[in-house]
Structures are given as C-alpha cells and as structure tokens.
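Asks: Sharing structure10.json (JSON, C-alpha atoms) below.
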[["chain", "number", "residue", "atom", "x", "y", "z"],
["A", 20, "MET", "CA", 102.35, 98.80, 115.66],
["A", 21, "PHE", "CA", 102.50, 100.36, 112.19],
["A", 22, "LEU", "CA", 104.04, 97.19, 110.70],
["A", 23, "THR", "CA", 100.72, 95.38, 111.12],
["A", 24, "THR", "CA", 99.27, 97.77, 108.53],
["A", 25, "LEU", "CA", 101.25, 95.81, 105.95],
["A", 26, "VAL", "CA", 98.84, 92.93, 106.58],
["A", 27, "THR", "CA", 95.62, 94.83, 107.30],
["A", 28, "ASN", "CA", 96.00, 97.52, 104.63],
["A", 29, "PRO", "CA", 99.01, 96.86, 102.37],
["A", 30, "VAL", "CA", 98.07, 99.56, 99.82],
["A", 31, "PHE", "CA", 98.03, 102.26, 102.49],
["A", 32, "PHE", "CA", 101.28, 100.89, 103.96],
["A", 33, "LEU", "CA", 103.13, 101.12, 100.65],
["A", 34, "ARG", "CA", 101.69, 104.54, 99.81],
["A", 35, "TYR", "CA", 102.62, 105.90, 103.22],
["A", 36, "ILE", "CA", 106.18, 104.55, 103.07],
["A", 37, "LEU", "CA", 106.70, 105.90, 99.54],
["A", 38, "ILE", "CA", 105.34, 109.36, 100.37],
["A", 39, "ILE", "CA", 107.38, 109.67, 103.57],
["A", 40, "ILE", "CA", 110.61, 108.64, 101.81],
["A", 41, "ILE", "CA", 110.04, 111.11, 98.96],
["A", 42, "SER", "CA", 109.00, 113.91, 101.31],
["A", 43, "ILE", "CA", 111.95, 113.54, 103.70],
["A", 44, "THR", "CA", 114.43, 113.17, 100.84],
["A", 45, "LEU", "CA", 113.21, 116.39, 99.21],
["A", 46, "HIS", "CA", 113.08, 118.09, 102.62],
["A", 47, "GLU", "CA", 116.76, 117.33, 103.23],
["A", 48, "LEU", "CA", 117.74, 118.29, 99.69],
["A", 49, "ALA", "CA", 116.03, 121.65, 100.21],
["A", 50, "HIS", "CA", 118.24, 122.21, 103.26],
["A", 51, "GLY", "CA", 121.28, 121.23, 101.20],
["A", 52, "TYR", "CA", 120.60, 123.49, 98.24],
["A", 53, "ALA", "CA", 119.73, 126.38, 100.56],
["A", 54, "ALA", "CA", 123.03, 125.88, 102.42],
["A", 55, "MET", "CA", 124.99, 125.89, 99.16],
["A", 56, "SER", "CA", 123.21, 129.06, 98.07],
["A", 57, "GLN", "CA", 124.53, 130.65, 101.27],
["A", 58, "GLY", "CA", 128.15, 129.67, 100.64],
["A", 59, "ASP", "CA", 128.36, 126.30, 102.42],
["A", 60, "ASP", "CA", 129.69, 123.47, 100.23],
["A", 61, "THR", "CA", 129.33, 120.82, 102.98],
["A", 62, "PRO", "CA", 126.24, 119.11, 101.48],
["A", 63, "LYS", "CA", 127.95, 118.63, 98.12],
["A", 64, "ARG", "CA", 131.33, 117.73, 99.62],
["A", 65, "THR", "CA", 129.79, 115.02, 101.80],
["A", 66, "GLY", "CA", 127.80, 113.51, 98.91],
["A", 67, "HIS", "CA", 124.37, 114.53, 100.20],
["A", 68, "ILE", "CA", 123.19, 116.25, 97.01],
["A", 69, "THR", "CA", 121.53, 113.07, 95.80],
["A", 70, "LEU", "CA", 118.05, 111.58, 95.48],
["A", 71, "ASN", "CA", 119.20, 108.43, 97.28],
["A", 72, "PRO", "CA", 117.00, 108.23, 100.42],
["A", 73, "VAL", "CA", 119.48, 105.97, 102.22],
["A", 74, "VAL", "CA", 122.00, 108.83, 102.22],
["A", 75, "HIS", "CA", 119.50, 111.24, 103.78],
["A", 76, "MET", "CA", 117.62, 108.91, 106.10],
["A", 77, "GLY", "CA", 119.97, 106.07, 106.89],
["A", 78, "VAL", "CA", 119.13, 102.38, 107.19],
["A", 79, "GLU", "CA", 118.00, 102.70, 110.82],
["A", 80, "SER", "CA", 115.51, 105.44, 109.94],
["A", 81, "LEU", "CA", 114.09, 103.43, 107.04],
["A", 82, "ILE", "CA", 113.69, 100.34, 109.22],
["A", 83, "PHE", "CA", 112.01, 102.39, 111.95],
["A", 84, "LEU", "CA", 109.70, 103.87, 109.33],
["A", 85, "CYS", "CA", 108.48, 100.41, 108.32],
["A", 86, "ILE", "CA", 108.08, 99.27, 111.92],
["A", 87, "ALA", "CA", 106.68, 102.35, 113.65],
["A", 88, "GLY", "CA", 105.67, 104.69, 110.82],
["A", 89, "ILE", "CA", 108.08, 107.37, 112.10],
["A", 90, "SER", "CA", 111.26, 108.45, 110.38],
["A", 91, "TRP", "CA", 113.84, 111.23, 110.19],
["A", 92, "GLY", "CA", 116.57, 112.60, 107.95],
["A", 93, "GLN", "CA", 119.72, 114.66, 108.18],
["A", 94, "MET", "CA", 121.61, 117.11, 106.01],
["A", 95, "PRO", "CA", 125.13, 118.07, 107.14],
["A", 96, "VAL", "CA", 125.71, 121.83, 106.98],
["A", 97, "ASN", "CA", 128.29, 124.18, 108.47],
["A", 98, "PRO", "CA", 126.68, 127.43, 109.67],
["A", 99, "TYR", "CA", 130.12, 129.01, 110.06],
["A", 100, "LYS", "CA", 130.38, 129.06, 106.27],
["A", 101, "PHE", "CA", 127.11, 130.93, 105.75],
["A", 102, "ARG", "CA", 127.78, 134.31, 104.18],
["A", 103, "ASN", "CA", 124.92, 136.12, 105.92],
["A", 104, "GLY", "CA", 125.10, 134.71, 109.44],
["A", 105, "ARG", "CA", 121.75, 134.34, 111.19],
["A", 106, "ILE", "CA", 119.76, 135.31, 108.09],
["A", 107, "SER", "CA", 121.38, 132.47, 106.17],
["A", 108, "ASP", "CA", 120.80, 130.07, 109.06],
["A", 109, "ILE", "CA", 117.11, 130.97, 109.18],
["A", 110, "TRP", "CA", 116.77, 130.47, 105.42],
["A", 111, "VAL", "CA", 118.55, 127.10, 105.48],
["A", 112, "SER", "CA", 116.46, 125.92, 108.43],
["A", 113, "ALA", "CA", 113.21, 127.07, 106.85],
["A", 114, "ALA", "CA", 113.96, 125.54, 103.45],
["A", 115, "GLY", "CA", 113.12, 122.00, 104.56],
["A", 116, "PRO", "CA", 109.66, 122.71, 106.03],
["A", 117, "LEU", "CA", 108.89, 125.08, 103.15],
["A", 118, "SER", "CA", 109.62, 122.25, 100.71],
["A", 119, "ASN", "CA", 106.98, 120.15, 102.49],
["A", 120, "LEU", "CA", 104.53, 123.06, 102.40],
["A", 121, "ALA", "CA", 105.17, 123.44, 98.66],
["A", 122, "LEU", "CA", 104.73, 119.70, 98.10],
["A", 123, "GLY", "CA", 101.49, 119.81, 100.07],
["A", 124, "PHE", "CA", 100.06, 122.53, 97.84],
["A", 125, "ILE", "CA", 101.32, 120.78, 94.71],
["A", 126, "PHE", "CA", 99.48, 117.61, 95.69],
["A", 127, "ILE", "CA", 96.37, 119.63, 96.57],
["A", 128, "THR", "CA", 96.52, 121.26, 93.14],
["A", 129, "LEU", "CA", 96.84, 117.86, 91.49],
["A", 130, "LEU", "CA", 93.88, 116.70, 93.56],
["A", 131, "LEU", "CA", 91.80, 119.66, 92.38],
["A", 132, "ILE", "CA", 92.57, 119.08, 88.70],
["A", 133, "TYR", "CA", 92.47, 115.29, 89.06],
["A", 134, "TYR", "CA", 91.23, 113.14, 86.27],
["A", 135, "ASP", "CA", 91.06, 109.35, 86.05],
["A", 136, "SER", "CA", 94.57, 108.01, 85.97],
["A", 137, "ALA", "CA", 96.12, 104.59, 86.38],
["A", 138, "LEU", "CA", 99.25, 106.19, 87.86],
["A", 139, "LEU", "CA", 97.78, 108.31, 90.66],
["A", 140, "SER", "CA", 94.58, 108.02, 92.67],
["A", 141, "LYS", "CA", 92.69, 110.64, 94.66],
["A", 142, "ASP", "CA", 93.48, 108.73, 97.85],
["A", 143, "PHE", "CA", 97.21, 108.84, 97.08],
["A", 144, "LEU", "CA", 97.15, 112.57, 96.30],
["A", 145, "TYR", "CA", 95.12, 113.35, 99.44],
["A", 146, "LEU", "CA", 97.44, 111.29, 101.62],
["A", 147, "ALA", "CA", 100.53, 112.94, 100.08],
["A", 148, "ALA", "CA", 99.07, 116.41, 100.70],
["A", 149, "ARG", "CA", 98.12, 115.53, 104.28],
["A", 150, "ILE", "CA", 101.54, 114.05, 105.11],
["A", 151, "ASN", "CA", 103.47, 117.01, 103.71],
["A", 152, "LEU", "CA", 101.31, 119.63, 105.44],
["A", 153, "THR", "CA", 101.67, 117.68, 108.69],
["A", 154, "LEU", "CA", 105.45, 117.48, 108.25],
["A", 155, "PHE", "CA", 105.51, 121.25, 107.71],
["A", 156, "LEU", "CA", 103.52, 121.90, 110.89],
["A", 157, "LEU", "CA", 105.59, 119.42, 112.92],
["A", 158, "ASN", "CA", 108.94, 120.74, 111.78],
["A", 159, "MET", "CA", 107.97, 124.34, 112.51],
["A", 160, "LEU", "CA", 107.47, 123.60, 116.20],
["A", 161, "PRO", "CA", 110.10, 125.51, 118.23],
["A", 162, "ILE", "CA", 111.52, 122.37, 119.84],
["A", 163, "PRO", "CA", 115.12, 121.18, 119.31],
["A", 164, "PRO", "CA", 116.20, 119.50, 117.10],
["A", 165, "LEU", "CA", 113.29, 120.49, 114.83],
["A", 166, "ASP", "CA", 113.80, 123.20, 112.21],
["A", 167, "GLY", "CA", 111.40, 125.50, 113.99],
["A", 168, "PHE", "CA", 113.74, 125.72, 116.96],
["A", 169, "SER", "CA", 116.65, 126.70, 114.73],
["A", 170, "ILE", "CA", 114.52, 129.44, 113.18],
["A", 171, "PHE", "CA", 113.25, 130.82, 116.48],
["A", 172, "SER", "CA", 116.62, 130.54, 118.23],
["A", 173, "ASN", "CA", 118.16, 132.68, 115.49],
["A", 174, "ILE", "CA", 115.43, 135.27, 116.00],
["A", 175, "PHE", "CA", 115.79, 134.99, 119.79],
["A", 176, "PRO", "CA", 119.47, 134.07, 120.40],
["A", 177, "SER", "CA", 118.89, 133.52, 124.13],
["A", 178, "LEU", "CA", 117.15, 130.25, 123.19],
["A", 179, "LYS", "CA", 120.36, 128.85, 121.66],
["A", 180, "GLN", "CA", 121.55, 127.57, 125.03],
["A", 181, "LEU", "CA", 118.61, 125.17, 125.18],
["A", 182, "GLN", "CA", 119.90, 123.29, 122.13],
["A", 183, "SER", "CA", 122.51, 121.37, 124.12],
["A", 184, "THR", "CA", 120.13, 120.41, 126.95],
["A", 185, "PRO", "CA", 117.85, 117.35, 127.28],
["A", 186, "LEU", "CA", 114.89, 119.67, 126.68],
["A", 187, "GLY", "CA", 114.70, 118.74, 123.00],
["A", 188, "ILE", "CA", 114.46, 115.00, 123.59],
["A", 189, "PHE", "CA", 111.98, 115.62, 126.40],
["A", 190, "GLY", "CA", 109.92, 117.87, 124.13],
["A", 191, "LEU", "CA", 109.82, 115.31, 121.34],
["A", 192, "MET", "CA", 108.82, 112.59, 123.82],
["A", 193, "ILE", "CA", 105.96, 114.78, 125.04],
["A", 194, "ILE", "CA", 104.82, 115.36, 121.45],
["A", 195, "PHE", "CA", 104.62, 111.66, 120.70],
["A", 196, "LEU", "CA", 103.23, 110.69, 124.11],
["A", 197, "ILE", "CA", 100.46, 113.27, 124.33],
["A", 198, "PRO", "CA", 97.29, 111.52, 123.16],
["A", 199, "GLY", "CA", 95.86, 113.22, 120.13],
["A", 200, "PHE", "CA", 98.76, 115.61, 119.48],
["A", 201, "GLY", "CA", 99.67, 114.00, 116.18],
["A", 202, "GLY", "CA", 96.00, 113.71, 115.39],
["A", 203, "ALA", "CA", 95.59, 117.44, 115.98],
["A", 204, "LEU", "CA", 98.27, 118.23, 113.40],
["A", 205, "ILE", "CA", 96.58, 115.88, 110.95],
["A", 206, "MET", "CA", 93.22, 117.56, 111.64],
["A", 207, "ILE", "CA", 94.74, 120.96, 110.85],
["A", 208, "SER", "CA", 96.18, 119.55, 107.61],
["A", 209, "ASP", "CA", 92.82, 118.05, 106.69],
["A", 210, "SER", "CA", 91.10, 121.36, 107.42],
["A", 211, "ILE", "CA", 93.49, 123.18, 105.07],
["A", 212, "ILE", "CA", 92.91, 120.64, 102.30],
["A", 213, "GLN", "CA", 89.14, 120.62, 102.74],
["A", 214, "SER", "CA", 88.99, 124.43, 102.84],
["A", 215, "LEU", "CA", 90.94, 124.72, 99.59],
["A", 216, "ILE", "CA", 88.78, 122.08, 97.94],
["A", 217, "SER", "CA", 85.58, 123.84, 99.10],
["A", 218, "TRP", "CA", 86.95, 127.22, 97.99],
["A", 219, "ARG", "CA", 87.83, 125.88, 94.57],
["A", 220, "PHE", "CA", 84.39, 124.37, 93.97],
["A", 221, "SER", "CA", 82.64, 127.46, 95.33],
["A", 222, "LEU", "CA", 84.11, 129.37, 92.38],
["A", 223, "PHE", "CA", 82.29, 127.20, 89.86]]
Represent the structure of the file as structure tokens.
Replies:
Amino acid sequence: MFLTTLVTNPVFFLRYILIIIISITLHELAHGYAAMSQGDDTPKRTGHITLNPVVHMGVESLIFLCIAGISWGQMPVNPYKFRNGRISDIWVSAAGPLSNLALGFIFITLLLIYYDSALLSKDFLYLAARINLTLFLLNMLPIPPLDGFSIFSNIFPSLKQLQSTPLGIFGLMIIFLIPGFGGALIMISDSIIQSLISWRFSLF
C-alpha cells in the first residue's frame, strides 16, 4: 500500500503527494478557465476558480491519495452554455490534459537548465515531469469518464451512448488491474524525458 512509503521513503511520499495535488488542481482549473472562455460561468459561480485543492479534489480524494497514491478531481461545467457546441466541448475537455502536458515540459525545461538549488532538486523536477506526462497520457485514453473519452465522443458522436453505461468503470478497473499498464505509461513518460535530455546535450 502506498501509505507505507511514508515510512520507507518519506521524502518521495511528500514529493509525490505535493506534485499530484498541484497537478490535479491546475488540471481542473484549466478545465474551468476553458469553460469560461466558451461562455460557461458555472466554474466561477460554483466557487471552483480557486487554488484550494480541497475544492477540486475533495477530502475523500485527498485521503485516498495518501493511502493508495491515486486521486481524482472535478470541475463542474455546463456544456449547454458553450457557445460553439462540440468544438467548445472538445477544447474544454482537452484543456486539463494539455495543462499536464505543459507542466511536464516546463519541469523538463527546468531540469535541463537546472543549477544547484536548495528549493528544488533534480529528483523533484524529474518526478514532477514524469507524473504530469503520465497524467496527460492517462487522461487522453478514450475511456469514460476520462477527458479522452469526451474528446473522442465529440468527434464520433455515436460513442456518447457509452457514457451512461458501466463500460467506463469497467475500463478503469481493467486499467488499474492489468499488470504493468501503469508502468507502461510511466515508461513512455520516461522515454520522452530521456529523449529530450539526450537531444539537448547532443546539441552541445
């Protein structure tokens, strides 16, 4: 269980928790700001335009994060208020994962220009980049209720009917039960980071 990491590797535990909370909070805020840019005031009206992670994640999600290392967030939006229909919905859905992709590249950039600092370490920056790239890849999977499903179901409307079926929960269970699936996403993230690091040093 992830909670045992608090005893075996407390530094990693605290880094992981901090990065996940920041990443999910910014992910949900990206959804919120994208929704408002498309004419939906629901995020602001419900008090979700805030940096408070409890608002975005909830107490249960934060507790589960500490116990199992897995967490989630939510941003209330009303697609019926979007001014551009499916295009707006795609943009709002993509905004969250794209924020994680952007954060991943920001942390990689910081890693590449890293200098000795008491505030940040290379291990922290690498972990932050890995987590955010992995969150991007995970959320882009076309499985409800992940953002990827919302994107693909707007491109292929016939998929919409699957949203209200048990398929999504079943799909998520398969993801977390398949041995090595999460590890495969992490490996892809590591490959991206290592490739960018190698490319950068090959220029000098």
Asks: Write out as AutoDock Vina command-line options an axis-aligned box for stretch 164-178 of chain A: all of its atoms listed in the file, 8 Å added on each side, centre and edge lengths in Å with one decimal.
Replies:
--center_x 115.4 --center_y 127.4 --center_z 118.2 --size_x 24.1 --size_y 31.8 --size_z 27.9
Asks: Using all atoms listed in the file, which of the listed residues (A:Pro72, A:Gly104, A:Gly202, A:Gly51) sits closest to A:Trp91?
Replies: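 The answer is A:Pro72, which sits nearest to A:Trp91.
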Asks: Which one of A:Asn71, A:Thr23, A:Ser118, A:Ser177 sits closest to A:Tyr52 if you count only C-alpha atoms?
Replies: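 Smallest separation from A:Tyr52 among the options: A:Ser118.
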Asks: Leaving out A:Ile207 and any residue of its chain fewer than 2 positions from it, which residues lie within 12 Å of it when counting all atoms listed in the file, given as a ChimeraX atom specification?
Replies: /A:148-157,200-205,209-214
Asks: Please measure the separation of atom CA of A:Ile125 and atom CA of A:Ala147, giving the value in Å to one decimal.
Replies: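 A separation of 9.5 Å between them.
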Asks: Rounded to one decimal place, report the atom CA of A:Phe83-atom CA of A:Val111 distance in Å.
Replies: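 Atom-to-atom, atom CA of A:Phe83 to atom CA of A:Val111, that is 26.4 Å.
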Asks: Please provide as JSON, numbers by chain all residues within 12 Å of A:Leu117, with the sequence filter that same-chain residues fewer than 2 positions apart are discarded (counting only C-alpha atoms).
Replies: {"A": [42, 43, 45, 46, 47, 48, 49, 50, 53, 109, 110, 111, 112, 113, 114, 115, 119, 120, 121, 122, 123, 124, 151, 152, 153, 154, 155, 156, 157, 158, 159, 166, 167]}
Asks: Pick the closest to A:Thr69 from A:Met20, A:Met94, A:Leu33, A:Ile174: which is it, counting all atoms listed in the file?
Replies: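 Of the candidates, the smallest distance to A:Thr69 is held by A:Met94.
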